[in-house]
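Asks: If you scroll down you'll find the structure; I have some questions about it.
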Amino acid sequence: MRVYHFIDQKWGLDDIRKRHLKVARVHDLNDPFEFEIATADREVRKAFRAVKDWLHESIGILCFSRDWKNPVQWAHYADRHRGLCLGFDIPDERLDPVIYSETLTEPSDALLRKAGDDRWEHFKQIISTKYVHWQYENEVRVYVDLRGEKPDEEDRHFTNFSDEIALREVIVGHRSTLTRDHLKAALGDQASSVSLCKARLAFRSYSVVPQLNQSLW
């Protein structure tokens with residue numbers, strides 16, 4: 001599936017040059033309701049806080065959208081249309097869709113008592129569930145096993161581009177001053193396999209579309 005990752009220009013160019021993506025971790029996600037549950041039981045909530053800490057250390061998340069044309073995503077995640085959107089080809093079986101819900105997920109007390117790997121499918125359902133108002137993101141995720149992986153000096157993890165996370169497109173925000181030459185220099189020997197596109201605002205709808213007039217970029 002072709003999926004899209006919105007990012008500020010500075011970090012997008014850095015990722016292109018280094019051929020990797022920064023892995024998000026549970027405590028760093030921008031929605032405080034990530035991995036929250038529908039219970040007021042103090043003991044269950046305490047147990048889930050411990051699980052959340054375990055997930056933060058053990059599991060990383062790569063976040064993508066199924067589309068790149070939503071102007072809200074450009075505004076929120078690509079520096080108000082000054083950034084980039086990176087298109088990747090990723091096998092469908094590696095992608096987990098986000099579930100959008102009006103209600104928090106009910107926890108399973110039995111699964112709380114099991115060891116880490118036995119709980120993962122239940123935890124993945126919870127961590128993949130977001131409030132319905134996030135559905136504009138049209139999100140899918142890749143979960144990355146961080147166990148045994150050492151972070152860098154700034155406590156960050158990265159996943160390298162590969163055959164399963166293959167960069168195929170770079171879309172430049174309509175407010176960006178980035179040129180094709182800038183991108184080709186960052187891509188290096190990948191330039192021939194990655195398509196480049198400048199975005200513009202649609203004339204008749206709330207949408208972001210390709211700039212087809214090549215003289216304008």
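All residue names refer to the structure tokens as shown: chains lettered A, B, ... in order, residues numbered from 1 in each chain, ligands numbered from 1 in order.
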Would you pick out the contacts of A:Leu86 at 6 Å or less, using only C-alpha atoms, so that residues sharing its chain but fewer than 2 positions from it are not included, and give the list as a PyMOL selection string?
Replies: chain A and resi 4-5+169-170
Asks: Which distance in Å separates atom CA of A:Arg49 and atom CA of A:Asp31, to one decimal?
Replies: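 Between atom CA of A:Arg49 and atom CA of A:Asp31 the gap is 15.7 Å.
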Asks: Could you give me, as a list in words, the residues within 12 Å of A:Asp181, counting only C-alpha atoms and dropping anything in the same chain fewer than 6 positions from it?
Replies: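 Listed by chain and then number, they are Leu187, Gly188, Ala191, Leu196 and Trp217 of chain A.
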Asks: Mind running stretch 96-185 of chain A against stretch 51-70 of chain A at 9 Å and telling me each contacting residue's nearest atom pair with the distance in Å (one decimal), counting only C-alpha atoms, chain and number ascending, as CSV?
Replies:
residue,atom,partner,partner_atom,distance
A:Leu112,CA,A:Val51,CA,8.2
A:Gly116,CA,A:Trp54,CA,8.4
A:Phe123,CA,A:Val51,CA,8.8
A:Tyr136,CA,A:Asn70,CA,7.7
A:Glu137,CA,A:Ser65,CA,6.1
A:Asn138,CA,A:Ser65,CA,5.3
A:Glu139,CA,A:Ser65,CA,4.4
A:Val140,CA,A:Phe64,CA,5.3
A:Arg141,CA,A:Cys63,CA,4.8
A:Val142,CA,A:Leu62,CA,5.1
A:Tyr143,CA,A:Ile61,CA,4.8
A:Val144,CA,A:Gly60,CA,4.7
A:Asp145,CA,A:Ile59,CA,5.0
A:Leu146,CA,A:Ser58,CA,4.9
A:Arg147,CA,A:Ser58,CA,5.1
A:Gly148,CA,A:Ser58,CA,8.6
A:His157,CA,A:Gly60,CA,8.0
A:Thr159,CA,A:Leu62,CA,8.7
A:Ile171,CA,A:Trp68,CA,8.6
Asks: Just to be explicit: take each residue in the selection above, keep all heavy atoms, and write the result as a compact mmCIF listing (two decimals), in the first residue's frame.
Replies:
# COMPACT_ATOMS: atom_id res chain seq x y z
N LEU A 112 -4.29 -8.50 31.49
CA LEU A 112 -3.39 -7.67 32.29
C LEU A 112 -2.42 -8.53 33.09
O LEU A 112 -1.31 -8.10 33.40
CB LEU A 112 -4.20 -6.81 33.25
CG LEU A 112 -4.69 -5.47 32.75
CD1 LEU A 112 -5.57 -4.82 33.79
CD2 LEU A 112 -3.53 -4.57 32.41
N GLY A 116 4.33 -10.18 28.74
CA GLY A 116 4.32 -9.18 27.66
C GLY A 116 3.80 -9.64 26.32
O GLY A 116 2.82 -9.10 25.82
N PHE A 123 -3.29 -5.27 23.63
CA PHE A 123 -2.73 -3.92 23.78
C PHE A 123 -2.70 -3.19 22.45
O PHE A 123 -2.90 -1.98 22.39
CB PHE A 123 -1.33 -3.99 24.37
CG PHE A 123 -1.30 -4.52 25.78
CD1 PHE A 123 -0.16 -5.12 26.28
CD2 PHE A 123 -2.41 -4.42 26.60
CE1 PHE A 123 -0.12 -5.60 27.58
CE2 PHE A 123 -2.39 -4.91 27.90
CZ PHE A 123 -1.24 -5.49 28.39
N TYR A 136 -9.92 12.32 10.55
CA TYR A 136 -9.44 13.04 9.37
C TYR A 136 -8.02 12.60 8.99
O TYR A 136 -7.60 12.77 7.84
CB TYR A 136 -9.46 14.56 9.62
CG TYR A 136 -8.34 15.08 10.49
CD1 TYR A 136 -7.13 15.50 9.95
CD2 TYR A 136 -8.48 15.13 11.87
CE1 TYR A 136 -6.11 15.97 10.74
CE2 TYR A 136 -7.47 15.59 12.68
CZ TYR A 136 -6.27 16.01 12.11
OH TYR A 136 -5.25 16.46 12.90
N GLU A 137 -7.27 12.02 9.94
CA GLU A 137 -5.92 11.58 9.65
C GLU A 137 -5.88 10.33 8.77
O GLU A 137 -4.86 10.06 8.13
CB GLU A 137 -5.16 11.30 10.95
CG GLU A 137 -4.91 12.52 11.79
CD GLU A 137 -4.13 12.19 13.05
OE1 GLU A 137 -4.18 11.04 13.50
OE2 GLU A 137 -3.46 13.10 13.58
N ASN A 138 -6.97 9.54 8.78
CA ASN A 138 -7.02 8.33 7.94
C ASN A 138 -5.76 7.49 8.16
O ASN A 138 -5.08 7.08 7.21
CB ASN A 138 -7.17 8.74 6.47
CG ASN A 138 -7.74 7.63 5.61
OD1 ASN A 138 -8.19 6.60 6.10
ND2 ASN A 138 -7.70 7.84 4.31
N GLU A 139 -5.47 7.21 9.41
CA GLU A 139 -4.14 6.72 9.80
C GLU A 139 -4.00 5.21 9.75
O GLU A 139 -4.92 4.45 10.09
CB GLU A 139 -3.83 7.19 11.23
CG GLU A 139 -2.43 6.88 11.70
CD GLU A 139 -2.15 7.39 13.10
OE1 GLU A 139 -3.00 8.11 13.66
OE2 GLU A 139 -1.07 7.06 13.63
N VAL A 140 -2.80 4.78 9.37
CA VAL A 140 -2.34 3.41 9.52
C VAL A 140 -0.98 3.46 10.19
O VAL A 140 -0.27 4.47 10.10
CB VAL A 140 -2.26 2.64 8.18
CG1 VAL A 140 -3.65 2.39 7.62
CG2 VAL A 140 -1.40 3.39 7.18
N ARG A 141 -0.61 2.35 10.86
CA ARG A 141 0.61 2.36 11.64
C ARG A 141 1.45 1.11 11.38
O ARG A 141 0.92 0.04 11.05
CB ARG A 141 0.29 2.42 13.15
CG ARG A 141 -0.29 3.75 13.57
CD ARG A 141 -0.70 3.73 15.03
NE ARG A 141 -0.99 5.10 15.50
CZ ARG A 141 -1.38 5.40 16.73
NH1 ARG A 141 -1.53 4.43 17.63
NH2 ARG A 141 -1.61 6.65 17.08
N VAL A 142 2.74 1.27 11.57
CA VAL A 142 3.67 0.15 11.64
C VAL A 142 4.23 0.13 13.06
O VAL A 142 4.73 1.15 13.55
CB VAL A 142 4.82 0.29 10.62
CG1 VAL A 142 5.87 -0.80 10.85
CG2 VAL A 142 4.29 0.22 9.19
N TYR A 143 4.10 -1.01 13.72
CA TYR A 143 4.65 -1.16 15.07
C TYR A 143 6.02 -1.81 14.97
O TYR A 143 6.22 -2.79 14.25
CB TYR A 143 3.70 -1.98 15.94
CG TYR A 143 2.40 -1.25 16.20
CD1 TYR A 143 1.24 -1.58 15.52
CD2 TYR A 143 2.35 -0.19 17.10
CE1 TYR A 143 0.06 -0.90 15.73
CE2 TYR A 143 1.18 0.51 17.33
CZ TYR A 143 0.03 0.14 16.63
OH TYR A 143 -1.14 0.84 16.84
N VAL A 144 6.97 -1.24 15.72
CA VAL A 144 8.37 -1.64 15.63
C VAL A 144 8.82 -2.18 16.99
O VAL A 144 8.61 -1.53 18.02
CB VAL A 144 9.25 -0.44 15.23
CG1 VAL A 144 10.71 -0.85 15.14
CG2 VAL A 144 8.77 0.17 13.92
N ASP A 145 9.44 -3.35 17.00
CA ASP A 145 9.95 -3.94 18.23
C ASP A 145 11.28 -3.26 18.59
O ASP A 145 12.26 -3.34 17.85
CB ASP A 145 10.16 -5.44 18.02
CG ASP A 145 10.46 -6.18 19.33
OD1 ASP A 145 10.78 -5.50 20.34
OD2 ASP A 145 10.37 -7.41 19.35
N LEU A 146 11.30 -2.56 19.71
CA LEU A 146 12.50 -1.84 20.14
C LEU A 146 13.34 -2.63 21.14
O LEU A 146 14.42 -2.17 21.53
CB LEU A 146 12.11 -0.50 20.79
CG LEU A 146 11.35 0.49 19.91
CD1 LEU A 146 11.05 1.75 20.72
CD2 LEU A 146 12.13 0.82 18.65
N ARG A 147 12.87 -3.80 21.55
CA ARG A 147 13.61 -4.57 22.53
C ARG A 147 14.97 -4.99 21.95
O ARG A 147 15.04 -5.54 20.87
CB ARG A 147 12.80 -5.78 22.96
CG ARG A 147 11.58 -5.41 23.80
CD ARG A 147 10.67 -6.58 24.02
NE ARG A 147 10.09 -7.05 22.76
CZ ARG A 147 9.22 -8.05 22.68
NH1 ARG A 147 8.83 -8.68 23.77
NH2 ARG A 147 8.74 -8.42 21.51
N GLY A 148 15.99 -4.70 22.69
CA GLY A 148 17.34 -5.01 22.22
C GLY A 148 17.95 -3.92 21.35
O GLY A 148 19.13 -4.01 21.00
N HIS A 157 14.90 6.57 18.56
CA HIS A 157 15.04 5.38 17.73
C HIS A 157 14.64 5.73 16.30
O HIS A 157 13.75 6.56 16.07
CB HIS A 157 14.13 4.26 18.24
CG HIS A 157 14.58 3.65 19.53
ND1 HIS A 157 15.42 2.56 19.59
CD2 HIS A 157 14.30 3.98 20.82
CE1 HIS A 157 15.63 2.24 20.84
NE2 HIS A 157 14.98 3.08 21.62
N THR A 159 14.01 3.88 12.20
CA THR A 159 13.89 2.70 11.33
C THR A 159 14.41 3.07 9.95
O THR A 159 14.02 4.10 9.39
CB THR A 159 12.42 2.25 11.21
OG1 THR A 159 12.00 1.71 12.47
CG2 THR A 159 12.26 1.18 10.15
N ILE A 171 6.49 14.91 -1.72
CA ILE A 171 5.57 15.98 -2.10
C ILE A 171 5.93 17.21 -1.26
O ILE A 171 6.03 17.13 -0.03
CB ILE A 171 4.11 15.57 -1.84
CG1 ILE A 171 3.80 14.27 -2.60
CG2 ILE A 171 3.14 16.68 -2.26
CD1 ILE A 171 2.67 13.47 -2.00
Asks: Using DSSP on the backbone coordinates, identify all residues within stretch 14-91 of chain A classified as alpha helix (DSSP H); present the result as a JSON list (two decimals) with N, CA, C and O atoms, in the first residue's frame.
Replies:
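Saved as part-v4.json:
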[["chain", "number", "residue", "atom", "x", "y", "z"],
["A", 14, "ASP", "N", 16.45, 15.66, 6.46],
["A", 14, "ASP", "CA", 17.39, 14.85, 7.23],
["A", 14, "ASP", "C", 17.08, 13.37, 7.09],
["A", 14, "ASP", "O", 17.98, 12.54, 6.91],
["A", 15, "ASP", "N", 15.77, 13.03, 7.16],
["A", 15, "ASP", "CA", 15.37, 11.63, 6.99],
["A", 15, "ASP", "C", 15.71, 11.12, 5.59],
["A", 15, "ASP", "O", 16.15, 9.97, 5.43],
["A", 16, "ILE", "N", 15.49, 11.94, 4.59],
["A", 16, "ILE", "CA", 15.79, 11.53, 3.21],
["A", 16, "ILE", "C", 17.29, 11.27, 3.07],
["A", 16, "ILE", "O", 17.72, 10.26, 2.49],
["A", 17, "ARG", "N", 18.10, 12.18, 3.58],
["A", 17, "ARG", "CA", 19.56, 12.02, 3.46],
["A", 17, "ARG", "C", 20.05, 10.77, 4.20],
["A", 17, "ARG", "O", 20.90, 10.02, 3.70],
["A", 18, "LYS", "N", 19.50, 10.55, 5.40],
["A", 18, "LYS", "CA", 19.97, 9.44, 6.23],
["A", 18, "LYS", "C", 19.18, 8.16, 5.98],
["A", 18, "LYS", "O", 19.51, 7.11, 6.56],
["A", 42, "ARG", "N", -9.02, 1.88, 40.39],
["A", 42, "ARG", "CA", -7.67, 2.37, 40.67],
["A", 42, "ARG", "C", -6.61, 1.32, 40.41],
["A", 42, "ARG", "O", -5.54, 1.63, 39.87],
["A", 43, "GLU", "N", -6.87, 0.08, 40.78],
["A", 43, "GLU", "CA", -5.87, -0.97, 40.60],
["A", 43, "GLU", "C", -5.65, -1.30, 39.12],
["A", 43, "GLU", "O", -4.52, -1.53, 38.68],
["A", 44, "VAL", "N", -6.75, -1.31, 38.36],
["A", 44, "VAL", "CA", -6.62, -1.59, 36.94],
["A", 44, "VAL", "C", -5.86, -0.45, 36.25],
["A", 44, "VAL", "O", -4.99, -0.69, 35.41],
["A", 45, "ARG", "N", -6.17, 0.77, 36.62],
["A", 45, "ARG", "CA", -5.46, 1.91, 36.02],
["A", 45, "ARG", "C", -3.98, 1.88, 36.39],
["A", 45, "ARG", "O", -3.12, 2.19, 35.56],
["A", 46, "LYS", "N", -3.67, 1.50, 37.61],
["A", 46, "LYS", "CA", -2.28, 1.38, 38.03],
["A", 46, "LYS", "C", -1.56, 0.32, 37.20],
["A", 46, "LYS", "O", -0.42, 0.54, 36.73],
["A", 47, "ALA", "N", -2.23, -0.81, 36.98],
["A", 47, "ALA", "CA", -1.64, -1.88, 36.17],
["A", 47, "ALA", "C", -1.41, -1.41, 34.73],
["A", 47, "ALA", "O", -0.38, -1.71, 34.13],
["A", 48, "PHE", "N", -2.36, -0.64, 34.19],
["A", 48, "PHE", "CA", -2.20, -0.15, 32.82],
["A", 48, "PHE", "C", -1.11, 0.90, 32.71],
["A", 48, "PHE", "O", -0.45, 1.00, 31.67],
["A", 49, "ARG", "N", -0.89, 1.69, 33.75],
["A", 49, "ARG", "CA", 0.22, 2.64, 33.71],
["A", 49, "ARG", "C", 1.55, 1.89, 33.60],
["A", 49, "ARG", "O", 2.46, 2.31, 32.87],
["A", 50, "ALA", "N", 1.64, 0.76, 34.32],
["A", 50, "ALA", "CA", 2.85, -0.05, 34.22],
["A", 50, "ALA", "C", 3.00, -0.63, 32.82],
["A", 50, "ALA", "O", 4.11, -0.67, 32.27],
["A", 51, "VAL", "N", 1.90, -1.07, 32.23],
["A", 51, "VAL", "CA", 1.94, -1.60, 30.87],
["A", 51, "VAL", "C", 2.34, -0.50, 29.88],
["A", 51, "VAL", "O", 3.13, -0.73, 28.95],
["A", 52, "LYS", "N", 1.81, 0.70, 30.09],
["A", 52, "LYS", "CA", 2.15, 1.82, 29.21],
["A", 52, "LYS", "C", 3.64, 2.12, 29.27],
["A", 52, "LYS", "O", 4.27, 2.40, 28.24],
["A", 53, "ASP", "N", 4.22, 2.04, 30.47],
["A", 53, "ASP", "CA", 5.66, 2.24, 30.60],
["A", 53, "ASP", "C", 6.42, 1.15, 29.85],
["A", 53, "ASP", "O", 7.44, 1.42, 29.20],
["A", 54, "TRP", "N", 5.95, -0.09, 29.96],
["A", 54, "TRP", "CA", 6.59, -1.21, 29.24],
["A", 54, "TRP", "C", 6.51, -1.00, 27.73],
["A", 54, "TRP", "O", 7.49, -1.20, 27.01],
["A", 55, "LEU", "N", 5.34, -0.57, 27.25],
["A", 55, "LEU", "CA", 5.18, -0.32, 25.82],
["A", 55, "LEU", "C", 6.10, 0.80, 25.34],
["A", 55, "LEU", "O", 6.65, 0.74, 24.24],
["A", 56, "HIS", "N", 6.24, 1.84, 26.16],
["A", 56, "HIS", "CA", 7.11, 2.96, 25.78],
["A", 56, "HIS", "C", 8.54, 2.48, 25.55],
["A", 56, "HIS", "O", 9.21, 2.96, 24.62],
["A", 57, "GLU", "N", 9.00, 1.55, 26.35],
["A", 57, "GLU", "CA", 10.36, 1.04, 26.22],
["A", 57, "GLU", "C", 10.48, -0.04, 25.14],
["A", 57, "GLU", "O", 11.56, -0.23, 24.58],
["A", 58, "SER", "N", 9.39, -0.73, 24.84],
["A", 58, "SER", "CA", 9.47, -1.95, 24.01],
["A", 58, "SER", "C", 8.96, -1.78, 22.59],
["A", 58, "SER", "O", 9.41, -2.50, 21.69],
["A", 71, "PRO", "N", -5.83, 19.24, 3.80],
["A", 71, "PRO", "CA", -5.08, 20.44, 4.19],
["A", 71, "PRO", "C", -4.85, 20.54, 5.69],
["A", 71, "PRO", "O", -3.89, 21.20, 6.12],
["A", 72, "VAL", "N", -5.69, 19.91, 6.51],
["A", 72, "VAL", "CA", -5.50, 19.97, 7.95],
["A", 72, "VAL", "C", -4.21, 19.23, 8.35],
["A", 72, "VAL", "O", -3.47, 19.68, 9.23],
["A", 73, "GLN", "N", -3.95, 18.11, 7.71],
["A", 73, "GLN", "CA", -2.72, 17.38, 8.02],
["A", 73, "GLN", "C", -1.48, 18.18, 7.63],
["A", 73, "GLN", "O", -0.48, 18.18, 8.35],
["A", 74, "TRP", "N", -1.54, 18.84, 6.48],
["A", 74, "TRP", "CA", -0.43, 19.71, 6.10],
["A", 74, "TRP", "C", -0.23, 20.82, 7.14],
["A", 74, "TRP", "O", 0.89, 21.17, 7.48],
["A", 75, "ALA", "N", -1.33, 21.37, 7.64],
["A", 75, "ALA", "CA", -1.24, 22.44, 8.63],
["A", 75, "ALA", "C", -0.66, 21.94, 9.95],
["A", 75, "ALA", "O", 0.18, 22.60, 10.57],
["A", 76, "HIS", "N", -1.10, 20.75, 10.40],
["A", 76, "HIS", "CA", -0.71, 20.25, 11.71],
["A", 76, "HIS", "C", 0.67, 19.58, 11.72],
["A", 76, "HIS", "O", 1.41, 19.69, 12.70],
["A", 77, "TYR", "N", 1.00, 18.86, 10.66],
["A", 77, "TYR", "CA", 2.17, 17.98, 10.71],
["A", 77, "TYR", "C", 3.26, 18.34, 9.71],
["A", 77, "TYR", "O", 4.32, 17.72, 9.72]]
Asks: Could you give me the residues within stretch 29-147 of chain A that DSSP places in strand (DSSP E or B), as an NGL selection string?
Replies: :A and (37 or 59-65 or 84-89 or 96-97 or 99-101 or 105 or 129-131 or 139-145)
Asks: Output the selection as a CSV table (one decimal), in the first residue's frame - N, CA, C and O atoms for each residue.
Replies:
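So the final result, stored in again.csv, reads:
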chain,number,residue,atom,x,y,z
A,37,ILE,N,-7.9,3.7,28.8
A,37,ILE,CA,-9.0,2.7,28.9
A,37,ILE,C,-10.2,3.2,29.7
A,37,ILE,O,-10.1,4.2,30.4
A,59,ILE,N,8.0,-0.9,22.4
A,59,ILE,CA,7.3,-0.8,21.1
A,59,ILE,C,7.4,0.6,20.5
A,59,ILE,O,7.1,1.6,21.2
A,60,GLY,N,7.8,0.7,19.3
A,60,GLY,CA,7.8,2.0,18.6
A,60,GLY,C,6.7,2.1,17.5
A,60,GLY,O,6.2,1.0,17.1
A,61,ILE,N,6.4,3.3,17.1
A,61,ILE,CA,5.3,3.4,16.2
A,61,ILE,C,5.7,4.3,15.0
A,61,ILE,O,6.3,5.4,15.2
A,62,LEU,N,5.4,3.9,13.8
A,62,LEU,CA,5.5,4.7,12.6
A,62,LEU,C,4.1,5.1,12.1
A,62,LEU,O,3.3,4.2,11.9
A,63,CYS,N,3.8,6.4,12.0
A,63,CYS,CA,2.5,6.8,11.7
A,63,CYS,C,2.4,7.3,10.3
A,63,CYS,O,3.2,8.1,9.8
A,64,PHE,N,1.4,6.8,9.6
A,64,PHE,CA,1.2,7.2,8.2
A,64,PHE,C,-0.3,7.5,7.9
A,64,PHE,O,-1.2,7.1,8.7
A,65,SER,N,-0.6,8.1,6.8
A,65,SER,CA,-1.9,8.4,6.3
A,65,SER,C,-2.1,7.7,5.0
A,65,SER,O,-1.2,7.5,4.3
A,84,LEU,N,7.0,18.8,4.1
A,84,LEU,CA,7.0,17.7,3.1
A,84,LEU,C,6.0,16.6,3.5
A,84,LEU,O,5.6,16.5,4.7
A,85,CYS,N,5.7,15.8,2.5
A,85,CYS,CA,5.0,14.6,2.7
A,85,CYS,C,5.7,13.5,1.9
A,85,CYS,O,6.0,13.6,0.7
A,86,LEU,N,6.1,12.5,2.7
A,86,LEU,CA,6.9,11.4,2.1
A,86,LEU,C,6.0,10.2,1.8
A,86,LEU,O,5.3,9.7,2.8
A,87,GLY,N,6.0,9.7,0.6
A,87,GLY,CA,5.2,8.6,0.2
A,87,GLY,C,6.0,7.3,0.3
A,87,GLY,O,7.0,7.2,-0.4
A,88,PHE,N,5.5,6.3,0.9
A,88,PHE,CA,6.2,5.0,1.1
A,88,PHE,C,5.3,3.8,0.6
A,88,PHE,O,4.1,3.9,0.7
A,89,ASP,N,5.9,2.8,0.0
A,89,ASP,CA,5.3,1.6,-0.3
A,89,ASP,C,5.6,0.6,0.8
A,89,ASP,O,6.8,0.3,1.1
A,96,ASP,N,-1.2,-1.6,10.3
A,96,ASP,CA,-2.4,-1.7,11.2
A,96,ASP,C,-3.2,-0.5,11.2
A,96,ASP,O,-2.7,0.6,11.5
A,97,PRO,N,-4.5,-0.6,10.8
A,97,PRO,CA,-5.3,0.6,10.7
A,97,PRO,C,-5.7,1.1,12.1
A,97,PRO,O,-5.9,0.3,13.0
A,99,ILE,N,-8.3,2.5,14.6
A,99,ILE,CA,-9.8,2.4,14.8
A,99,ILE,C,-10.3,3.7,15.5
A,99,ILE,O,-9.7,4.1,16.5
A,100,TYR,N,-11.3,4.3,14.9
A,100,TYR,CA,-11.8,5.6,15.4
A,100,TYR,C,-13.1,5.3,16.2
A,100,TYR,O,-14.0,4.7,15.6
A,101,SER,N,-13.2,5.8,17.4
A,101,SER,CA,-14.3,5.3,18.3
A,101,SER,C,-14.8,6.5,19.1
A,101,SER,O,-14.0,7.4,19.4
A,105,THR,N,-11.7,2.1,25.0
A,105,THR,CA,-11.7,0.6,25.0
A,105,THR,C,-11.8,0.0,26.4
A,105,THR,O,-11.2,0.5,27.4
A,129,THR,N,-6.6,2.5,18.9
A,129,THR,CA,-8.0,3.1,19.0
A,129,THR,C,-7.8,4.6,19.4
A,129,THR,O,-7.1,4.9,20.4
A,130,LYS,N,-8.4,5.5,18.6
A,130,LYS,CA,-8.4,6.9,18.9
A,130,LYS,C,-9.8,7.5,18.8
A,130,LYS,O,-10.7,6.9,18.2
A,131,TYR,N,-9.9,8.6,19.5
A,131,TYR,CA,-11.2,9.3,19.5
A,131,TYR,C,-11.6,9.6,18.0
A,131,TYR,O,-10.8,10.0,17.2
A,139,GLU,N,-5.5,7.2,9.4
A,139,GLU,CA,-4.1,6.7,9.8
A,139,GLU,C,-4.0,5.2,9.8
A,139,GLU,O,-4.9,4.5,10.1
A,140,VAL,N,-2.8,4.8,9.4
A,140,VAL,CA,-2.3,3.4,9.5
A,140,VAL,C,-1.0,3.5,10.2
A,140,VAL,O,-0.3,4.5,10.1
A,141,ARG,N,-0.6,2.4,10.9
A,141,ARG,CA,0.6,2.4,11.6
A,141,ARG,C,1.4,1.1,11.4
A,141,ARG,O,0.9,0.0,11.1
A,142,VAL,N,2.7,1.3,11.6
A,142,VAL,CA,3.7,0.2,11.6
A,142,VAL,C,4.2,0.1,13.1
A,142,VAL,O,4.7,1.1,13.6
A,143,TYR,N,4.1,-1.0,13.7
A,143,TYR,CA,4.6,-1.2,15.1
A,143,TYR,C,6.0,-1.8,15.0
A,143,TYR,O,6.2,-2.8,14.2
A,144,VAL,N,7.0,-1.2,15.7
A,144,VAL,CA,8.4,-1.6,15.6
A,144,VAL,C,8.8,-2.2,17.0
A,144,VAL,O,8.6,-1.5,18.0
A,145,ASP,N,9.4,-3.3,17.0
A,145,ASP,CA,10.0,-3.9,18.2
A,145,ASP,C,11.3,-3.3,18.6
A,145,ASP,O,12.3,-3.3,17.9
Asks: One decimal, in Å: what's the spacing between atom CA of A:Arg94 and atom CA of A:His27?
Replies: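 Going from atom CA of A:Arg94 over to atom CA of A:His27 covers 22.4 Å.
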Asks: To one decimal place in Å, what is the distance between atom CA of A:Ala185 and atom CA of A:Leu13?
Replies: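 Value for the atom CA of A:Ala185-atom CA of A:Leu13 distance: 9.8 Å.
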Asks: Which residue is closest to A:Ser193? Choose from A:His133, A:Arg180, A:Arg168, A:Arg156 and count only C-alpha atoms.
Replies: A:Arg168
